[in-house]
file query_8.txt (compact mmCIF, C-alpha atoms)
# COMPACT_ATOMS: atom_id res chain seq x y z
CA MET A 989 134.78 -51.48 -57.30
CA GLY A 990 132.10 -50.40 -59.76
CA LEU A 991 131.11 -47.19 -57.96
CA TRP A 992 132.25 -43.59 -58.20
CA ARG A 993 133.10 -41.26 -55.33
CA TYR A 994 133.24 -37.46 -55.22
CA ARG A 995 134.28 -35.23 -52.33
CA LEU A 996 131.87 -32.30 -52.10
CA ASN A 997 133.57 -30.55 -49.18
CA ARG A 998 135.39 -31.38 -45.95
CA GLU A 999 132.34 -33.05 -44.44
CA ARG A 1000 130.54 -34.68 -47.34
CA ILE A 1001 131.36 -37.41 -49.83
CA ILE A 1002 128.90 -38.70 -52.40
CA ILE A 1003 129.13 -42.32 -53.53
CA GLY A 1004 127.04 -43.97 -56.22
CA GLY A 1005 126.74 -45.45 -59.67
CA ALA A 1006 125.48 -44.37 -63.06
CA LEU A 1007 123.23 -46.17 -65.52
CA GLY A 1008 122.78 -45.31 -69.18
CA ASP A 1009 119.63 -47.32 -69.71
CA GLY A 1010 116.49 -45.69 -68.32
CA GLY A 1011 114.56 -43.06 -70.17
CA ASN A 1012 116.52 -43.75 -73.36
CA LEU A 1013 115.48 -47.40 -73.32
CA ILE A 1014 111.82 -46.48 -72.78
CA ARG A 1015 111.99 -43.97 -75.62
CA TRP A 1016 113.49 -46.63 -77.90
CA LEU A 1017 110.76 -49.09 -76.94
CA ARG A 1018 108.02 -46.55 -77.52
CA ASP A 1019 109.36 -45.60 -80.95
CA THR A 1020 110.24 -49.13 -82.05
CA LEU A 1021 106.90 -50.59 -80.99
CA ALA A 1022 105.09 -47.56 -82.46
CA VAL A 1023 103.15 -47.05 -79.24
CA ALA A 1024 100.29 -44.69 -79.96
CA LYS A 1025 98.56 -44.84 -76.57
CA GLN A 1026 101.23 -45.22 -73.91
CA LYS A 1027 98.81 -44.80 -70.99
CA GLU A 1028 96.78 -47.76 -72.21
CA LEU A 1029 99.94 -49.82 -72.70
CA LEU A 1030 101.10 -49.00 -69.18
CA ARG A 1031 97.74 -50.13 -67.78
CA GLN A 1032 98.26 -53.45 -69.54
CA VAL A 1033 101.84 -53.61 -68.24
CA GLU A 1034 100.59 -53.07 -64.69
CA SER A 1035 98.13 -55.94 -65.01
CA LEU A 1036 100.87 -58.45 -65.90
CA PRO A 1037 102.34 -60.70 -63.19
CA ALA A 1038 105.84 -60.01 -61.89
CA ASP A 1039 108.46 -61.63 -64.15
CA GLY A 1040 105.69 -63.57 -65.87
CA HIS A 1041 106.78 -62.96 -69.47
CA GLY A 1042 109.57 -65.56 -69.73
CA LEU A 1043 112.09 -62.94 -70.89
CA THR A 1044 115.58 -62.11 -69.70
CA VAL A 1045 116.86 -58.73 -70.85
CA LEU A 1046 120.23 -57.00 -70.83
CA PRO A 1047 119.20 -53.34 -71.32
CA PHE A 1048 122.53 -52.10 -72.64
CA LEU A 1049 121.44 -50.51 -75.90
CA ALA A 1050 123.87 -47.65 -75.24
CA GLY A 1051 126.56 -49.72 -73.55
CA GLU A 1052 126.99 -50.27 -69.81
CA ARG A 1053 128.11 -47.64 -67.34
CA SER A 1054 128.21 -48.76 -63.67
CA PRO A 1055 129.33 -51.14 -62.39
CA GLY A 1056 131.04 -52.88 -65.32
CA TYR A 1057 131.81 -49.80 -67.46
CA ARG A 1058 131.53 -51.82 -70.65
CA SER A 1059 131.12 -49.42 -73.56
CA ASP A 1060 131.16 -52.47 -75.84
CA ALA A 1061 128.06 -53.97 -74.15
CA ARG A 1062 124.92 -54.33 -76.23
CA GLY A 1063 121.33 -55.20 -75.47
CA ALA A 1064 119.98 -58.75 -75.46
CA PHE A 1065 116.47 -60.21 -75.33
CA VAL A 1066 116.31 -63.90 -74.50
CA GLY A 1067 113.08 -65.90 -74.43
CA LEU A 1068 111.19 -64.18 -77.25
CA SER A 1069 108.47 -66.14 -78.99
CA LEU A 1070 105.65 -65.50 -81.45
CA ALA A 1071 103.37 -65.03 -78.43
CA THR A 1072 105.46 -62.24 -76.86
CA SER A 1073 103.40 -59.06 -76.67
CA ALA A 1074 104.34 -55.39 -76.63
CA GLU A 1075 103.29 -55.03 -73.01
CA GLU A 1076 105.45 -58.01 -72.04
CA LEU A 1077 108.47 -56.46 -73.77
CA PHE A 1078 107.77 -53.17 -72.02
CA ARG A 1079 107.46 -54.76 -68.58
CA ALA A 1080 110.53 -56.93 -69.12
CA CYS A 1081 112.57 -53.81 -69.86
CA LEU A 1082 111.25 -51.95 -66.80
CA GLU A 1083 112.19 -54.95 -64.68
CA ALA A 1084 115.59 -55.30 -66.38
CA VAL A 1085 116.59 -51.70 -65.60
CA SER A 1086 115.36 -52.20 -62.04
CA TYR A 1087 117.65 -55.22 -61.73
CA ARG A 1088 120.61 -53.03 -62.69
CA PHE A 1089 119.61 -50.60 -59.94
CA ALA A 1090 119.53 -53.55 -57.55
CA VAL A 1091 123.12 -54.42 -58.47
CA LEU A 1092 124.22 -50.86 -57.68
CA TYR A 1093 122.12 -50.72 -54.51
CA ALA A 1094 123.88 -53.83 -53.21
CA LEU A 1095 127.27 -52.23 -53.83
CA VAL A 1096 126.31 -48.92 -52.22
CA SER A 1097 124.84 -50.71 -49.21
CA LYS A 1098 128.22 -52.31 -48.49
CA VAL A 1099 129.96 -48.95 -48.12
CA ALA A 1100 127.01 -47.01 -46.67
CA PRO A 1101 125.01 -49.51 -44.60
CA ALA A 1102 123.34 -46.76 -42.57
CA ALA A 1103 121.87 -45.08 -45.67
CA ASP A 1104 118.42 -46.65 -45.52
CA GLU A 1105 116.34 -44.04 -47.39
CA ILE A 1106 115.81 -44.19 -51.14
CA ILE A 1107 114.54 -41.00 -52.79
CA VAL A 1108 113.67 -41.26 -56.46
CA ASN A 1109 113.94 -38.48 -59.03
CA GLY A 1110 113.74 -38.43 -62.81
CA GLY A 1111 110.88 -37.90 -65.21
CA ALA A 1112 111.04 -41.33 -66.84
CA ILE A 1113 110.21 -43.23 -63.65
CA LEU A 1114 108.18 -40.59 -61.81
CA SER A 1115 105.73 -40.37 -64.70
CA ARG A 1116 105.20 -44.14 -64.62
CA PRO A 1117 103.89 -45.32 -61.22
CA VAL A 1118 104.02 -48.94 -62.39
CA TRP A 1119 107.80 -48.58 -62.74
CA MET A 1120 108.07 -47.07 -59.26
CA GLN A 1121 106.27 -50.11 -57.85
CA ILE A 1122 108.40 -52.55 -59.84
CA MET A 1123 111.55 -50.81 -58.60
CA ALA A 1124 110.35 -50.98 -54.98
CA ASP A 1125 109.52 -54.67 -55.37
CA VAL A 1126 112.88 -55.49 -56.98
CA LEU A 1127 114.88 -53.61 -54.34
CA GLY A 1128 112.67 -54.83 -51.50
CA HIS A 1129 112.77 -51.30 -50.14
CA ARG A 1130 110.39 -48.37 -49.74
CA LEU A 1131 110.82 -45.67 -52.41
CA VAL A 1132 109.93 -42.03 -51.89
CA PRO A 1133 109.46 -39.83 -54.98
CA SER A 1134 110.92 -36.33 -55.07
CA SER A 1135 108.89 -33.58 -56.71
CA GLU A 1136 111.99 -31.45 -57.31
CA ARG A 1137 112.33 -31.03 -61.09
CA GLU A 1138 116.05 -30.11 -60.98
CA ALA A 1139 117.34 -32.15 -58.04
CA THR A 1140 121.01 -31.97 -58.98
CA SER A 1141 120.94 -28.20 -59.54
CA ARG A 1142 119.08 -27.72 -56.26
CA GLY A 1143 121.69 -29.75 -54.40
CA ALA A 1144 124.52 -27.72 -55.92
CA ALA A 1145 122.74 -24.47 -55.00
CA LEU A 1146 122.24 -25.60 -51.41
CA MET A 1147 125.92 -26.54 -51.12
CA ALA A 1148 126.87 -23.08 -52.41
CA LEU A 1149 124.49 -21.37 -49.97
CA GLN A 1150 126.00 -23.31 -47.07
CA ALA A 1151 129.54 -22.50 -48.20
CA ARG A 1152 128.64 -18.79 -48.37
CA GLY A 1153 127.14 -18.90 -44.88
CA CYS A 1154 123.64 -18.09 -46.13
CA ILE A 1155 122.30 -21.21 -44.41
CA GLU A 1156 123.70 -23.18 -41.51
CA SER A 1157 123.17 -26.56 -43.15
CA ILE A 1158 121.58 -27.99 -46.28
CA ASP A 1159 119.33 -29.92 -43.88
CA GLU A 1160 117.47 -26.65 -43.31
CA ALA A 1161 115.98 -26.85 -46.80
CA PRO A 1162 112.43 -28.24 -46.83
CA ASP A 1163 111.88 -31.68 -48.32
CA ARG A 1164 109.72 -31.93 -51.42
CA LEU A 1165 108.72 -35.55 -51.21
CA GLY A 1166 105.62 -37.41 -52.34
CA LYS A 1167 103.79 -40.54 -51.25
CA GLY A 1168 106.04 -43.57 -50.87
CA TYR A 1169 105.84 -46.95 -52.60
CA ASP A 1170 106.14 -50.00 -50.33
CA PRO A 1171 107.57 -53.26 -51.69
CA ASP A 1172 105.59 -56.47 -52.08
CA SER A 1173 107.58 -59.25 -50.41
CA ALA A 1174 106.10 -61.95 -52.66
CA HIS A 1175 107.11 -60.01 -55.76
CA ASN A 1176 110.56 -59.41 -54.30
CA ARG A 1177 111.14 -63.17 -54.05
CA ILE A 1178 110.06 -63.61 -57.66
CA TYR A 1179 112.33 -60.81 -58.80
CA GLN A 1180 115.34 -62.29 -57.02
CA ALA A 1181 115.10 -65.21 -59.46
CA GLY A 1182 114.83 -62.76 -62.37
CA LEU A 1183 117.91 -60.88 -61.16
CA GLU A 1184 119.86 -64.13 -60.96
CA ARG A 1185 118.88 -64.99 -64.55
CA GLN A 1186 120.02 -61.59 -65.74
CA SER A 1187 123.32 -61.94 -63.87
CA ARG A 1188 123.98 -65.33 -65.48
CA LEU A 1189 123.21 -63.92 -68.94
CA TYR A 1190 125.48 -60.94 -68.24
CA ASP A 1191 128.36 -63.24 -67.29
CA LEU A 1192 127.75 -65.53 -70.24
CA ILE A 1193 127.55 -62.87 -72.95
CA LEU A 1194 129.79 -60.07 -71.75
CA ASN A 1195 132.57 -62.20 -70.31
CA VAL A 1196 132.71 -64.30 -73.47
CA HIS A 1197 132.79 -61.12 -75.56
CA ARG A 1198 135.56 -59.72 -73.36
CA ALA A 1199 137.60 -62.89 -73.86
CA GLU A 1200 137.06 -62.85 -77.63
CA SER A 1201 138.12 -59.20 -77.82
CA ALA A 1202 141.26 -59.91 -75.82
CA THR A 1203 142.14 -62.82 -78.12
CA ALA A 1204 141.61 -60.68 -81.21
CA THR A 1205 143.82 -57.95 -79.76
CA ASP A 1206 146.57 -60.42 -78.87

call {"tool": "encode", "arguments": {"input": "query_8.txt", "output": "structure tokens"}}
result
Amino acid sequence: MGLWRYRLNRERIIIGGALGDGGNLIRWLRDTLAVAKQKELLRQVESLPADGHGLTVLPFLAGERSPGYRSDARGAFVGLSLATSAEELFRACLEAVSYRFAVLYALVSKVAPAADEIIVNGGAILSRPVWMQIMADVLGHRLVPSSEREATSRGAALMALQARGCIESIDEAPDRLGKGYDPDSAHNRIYQAGLERQSRLYDLILNVHRAESATATD
């Protein structure tokens, strides 16, 4: 439940989840906060302690895709005060999206326990090393960045080449991987508490909203 599954050919099946809150959320933050110098802001974000802002965020500004598939979901920021800074909001959102990845990672791990390598692609996270480190810390797992700009297109091309007999296996293609990010175990313990807070807020807000919608429909 919560994942999708596609059969690529007789030998390969791809299983995963989809999130709608990544680069779009960062773009919204940047525009809403009128960030003029993002590099400087990211340096300040990196200097903040893990989950030290007192915020719990549901990053569903465009609804939720996996695993709940709640198009009616909306974003929520809990814990705001007059002292909350732009860098704290930014870090809280990076952590919040990472928590959603952790939810999907837990689901994928149940059906693919032997898949122990995490390769990261996507301009939003690859261009922000602080987010790569946060993600590694939240997942408690080493992350390896991919330098392939069009990873999905490359994968489709390799599958076609194999099907045509041009290559024996897609494993023949060279890897284009960068330096990995190792998790900090102390940060991982802190983030487990942050993930639990987000999960409680998710259940509180979205389940109540689901019940209210059902009552209104009845």

call {"tool": "residues_around", "arguments": {"input": "query_8.txt", "residues": "region 1154-1167 of chain A", "least_positions_apart": "4", "cutoff": "6 Å", "atoms": "all atoms listed in the file", "output": "PyMOL selection string"}}
result
chain A and resi 1133-1135+1146+1149-1150

call {"tool": "closest_residue", "arguments": {"input": "query_8.txt", "among": "A:Val1096, A:His1175, A:Arg1079, A:Arg1188", "to": "Ile1002 (chain A)", "atoms": "all atoms listed in the file"}}
result
A:Val1096

call {"tool": "closest_residue", "arguments": {"input": "query_8.txt", "among": "A:Met1147, A:Phe1078, A:Ala1038, A:Leu1183", "to": "Arg998 (chain A)", "atoms": "all atoms listed in the file"}}
result
A:Met1147

call {"tool": "atom_distance", "arguments": {"input": "query_8.txt", "atom1": "CA of Ser1097 (chain A)", "atom2": "CA of Glu999 (chain A)"}}
result
19.8 Å

call {"tool": "residues_around", "arguments": {"input": "query_8.txt", "residues": "Arg1130 (chain A)", "least_positions_apart": "3", "cutoff": "12 Å", "atoms": "all atoms listed in the file", "output": "list of chain:residue names"}}
result
A:Asp1104, A:Glu1105, A:Ile1106, A:Ile1107, A:Val1108, A:Met1120, A:Gln1121, A:Ile1122, A:Met1123, A:Ala1124, A:Asp1125, A:Val1126, A:Leu1127, A:Pro1133, A:Lys1167, A:Gly1168, A:Tyr1169, A:Asp1170, A:Pro1171, A:Asp1172, A:Ser1173, A:Asn1176

call {"tool": "closest_residue", "arguments": {"input": "query_8.txt", "among": "A:Leu1049, A:Gly1182, A:Thr1044, A:Arg1031", "to": "Asn1012 (chain A)", "atoms": "all atoms listed in the file"}}
result
A:Leu1049

call {"tool": "atom_distance", "arguments": {"input": "query_8.txt", "atom1": "CA of Arg993 (chain A)", "atom2": "CA of Gly1005 (chain A)"}}
result
8.8 Å

call {"tool": "closest_residue", "arguments": {"input": "query_8.txt", "among": "A:Asn997, A:Ser1073, A:Ser1187, A:Thr1020", "to": "Leu1036 (chain A)", "atoms": "only C-alpha atoms"}}
result
A:Ser1073

call {"tool": "atom_distance", "arguments": {"input": "query_8.txt", "atom1": "CA of Gly1010 (chain A)", "atom2": "CA of Ala1071 (chain A)"}}
result
25.5 Å

call {"tool": "closest_residue", "arguments": {"input": "query_8.txt", "among": "A:Leu1114, A:Leu991, A:Ala1074, A:Ile1178", "to": "Pro1037 (chain A)", "atoms": "only C-alpha atoms"}}
result
A:Ile1178

call {"tool": "residues_around", "arguments": {"input": "query_8.txt", "residues": "Phe1048 (chain A)", "least_positions_apart": "4", "cutoff": "8 Å", "atoms": "all atoms listed in the file", "output": "PyMOL selection string"}}
result
chain A and resi 1008-1009+1052+1061-1064

call {"tool": "build_atoms", "arguments": {"input": "query_8.txt", "residues": "region 1043-1054 of chain A", "atoms": "N, CA and C atoms", "output": "PDB file, in the coordinates of the input"}}
result
ATOM      1  N   LEU A1043     110.999 -63.644 -70.215  1.00  0.00           N
ATOM      2  CA  LEU A1043     112.090 -62.940 -70.890  1.00  0.00           C
ATOM      3  C   LEU A1043     113.210 -62.601 -69.923  1.00  0.00           C
ATOM      4  N   THR A1044     114.425 -62.611 -70.434  1.00  0.00           N
ATOM      5  CA  THR A1044     115.580 -62.110 -69.700  1.00  0.00           C
ATOM      6  C   THR A1044     116.241 -61.066 -70.584  1.00  0.00           C
ATOM      7  N   VAL A1045     116.422 -59.865 -70.030  1.00  0.00           N
ATOM      8  CA  VAL A1045     116.860 -58.730 -70.850  1.00  0.00           C
ATOM      9  C   VAL A1045     118.129 -58.111 -70.279  1.00  0.00           C
ATOM     10  N   LEU A1046     119.088 -57.857 -71.151  1.00  0.00           N
ATOM     11  CA  LEU A1046     120.230 -57.000 -70.830  1.00  0.00           C
ATOM     12  C   LEU A1046     119.948 -55.654 -71.500  1.00  0.00           C
ATOM     13  N   PRO A1047     119.683 -54.605 -70.735  1.00  0.00           N
ATOM     14  CA  PRO A1047     119.200 -53.340 -71.320  1.00  0.00           C
ATOM     15  C   PRO A1047     120.307 -52.387 -71.742  1.00  0.00           C
ATOM     16  N   PHE A1048     121.348 -52.915 -72.360  1.00  0.00           N
ATOM     17  CA  PHE A1048     122.530 -52.100 -72.640  1.00  0.00           C
ATOM     18  C   PHE A1048     122.540 -51.617 -74.091  1.00  0.00           C
ATOM     19  N   LEU A1049     121.481 -50.972 -74.523  1.00  0.00           N
ATOM     20  CA  LEU A1049     121.440 -50.510 -75.900  1.00  0.00           C
ATOM     21  C   LEU A1049     122.446 -49.401 -76.163  1.00  0.00           C
ATOM     22  N   ALA A1050     122.870 -48.714 -75.113  1.00  0.00           N
ATOM     23  CA  ALA A1050     123.870 -47.650 -75.240  1.00  0.00           C
ATOM     24  C   ALA A1050     125.149 -48.011 -74.498  1.00  0.00           C
ATOM     25  N   GLY A1051     125.404 -49.296 -74.321  1.00  0.00           N
ATOM     26  CA  GLY A1051     126.560 -49.720 -73.550  1.00  0.00           C
ATOM     27  C   GLY A1051     126.248 -49.723 -72.061  1.00  0.00           C
ATOM     28  N   GLU A1052     127.180 -50.217 -71.264  1.00  0.00           N
ATOM     29  CA  GLU A1052     126.990 -50.270 -69.810  1.00  0.00           C
ATOM     30  C   GLU A1052     127.893 -49.247 -69.128  1.00  0.00           C
ATOM     31  N   ARG A1053     127.309 -48.536 -68.178  1.00  0.00           N
ATOM     32  CA  ARG A1053     128.110 -47.640 -67.340  1.00  0.00           C
ATOM     33  C   ARG A1053     128.446 -48.425 -66.051  1.00  0.00           C
ATOM     34  N   SER A1054     127.910 -48.026 -64.912  1.00  0.00           N
ATOM     35  CA  SER A1054     128.210 -48.760 -63.670  1.00  0.00           C
ATOM     36  C   SER A1054     127.457 -50.092 -63.651  1.00  0.00           C
TER      37      SER A1054
END
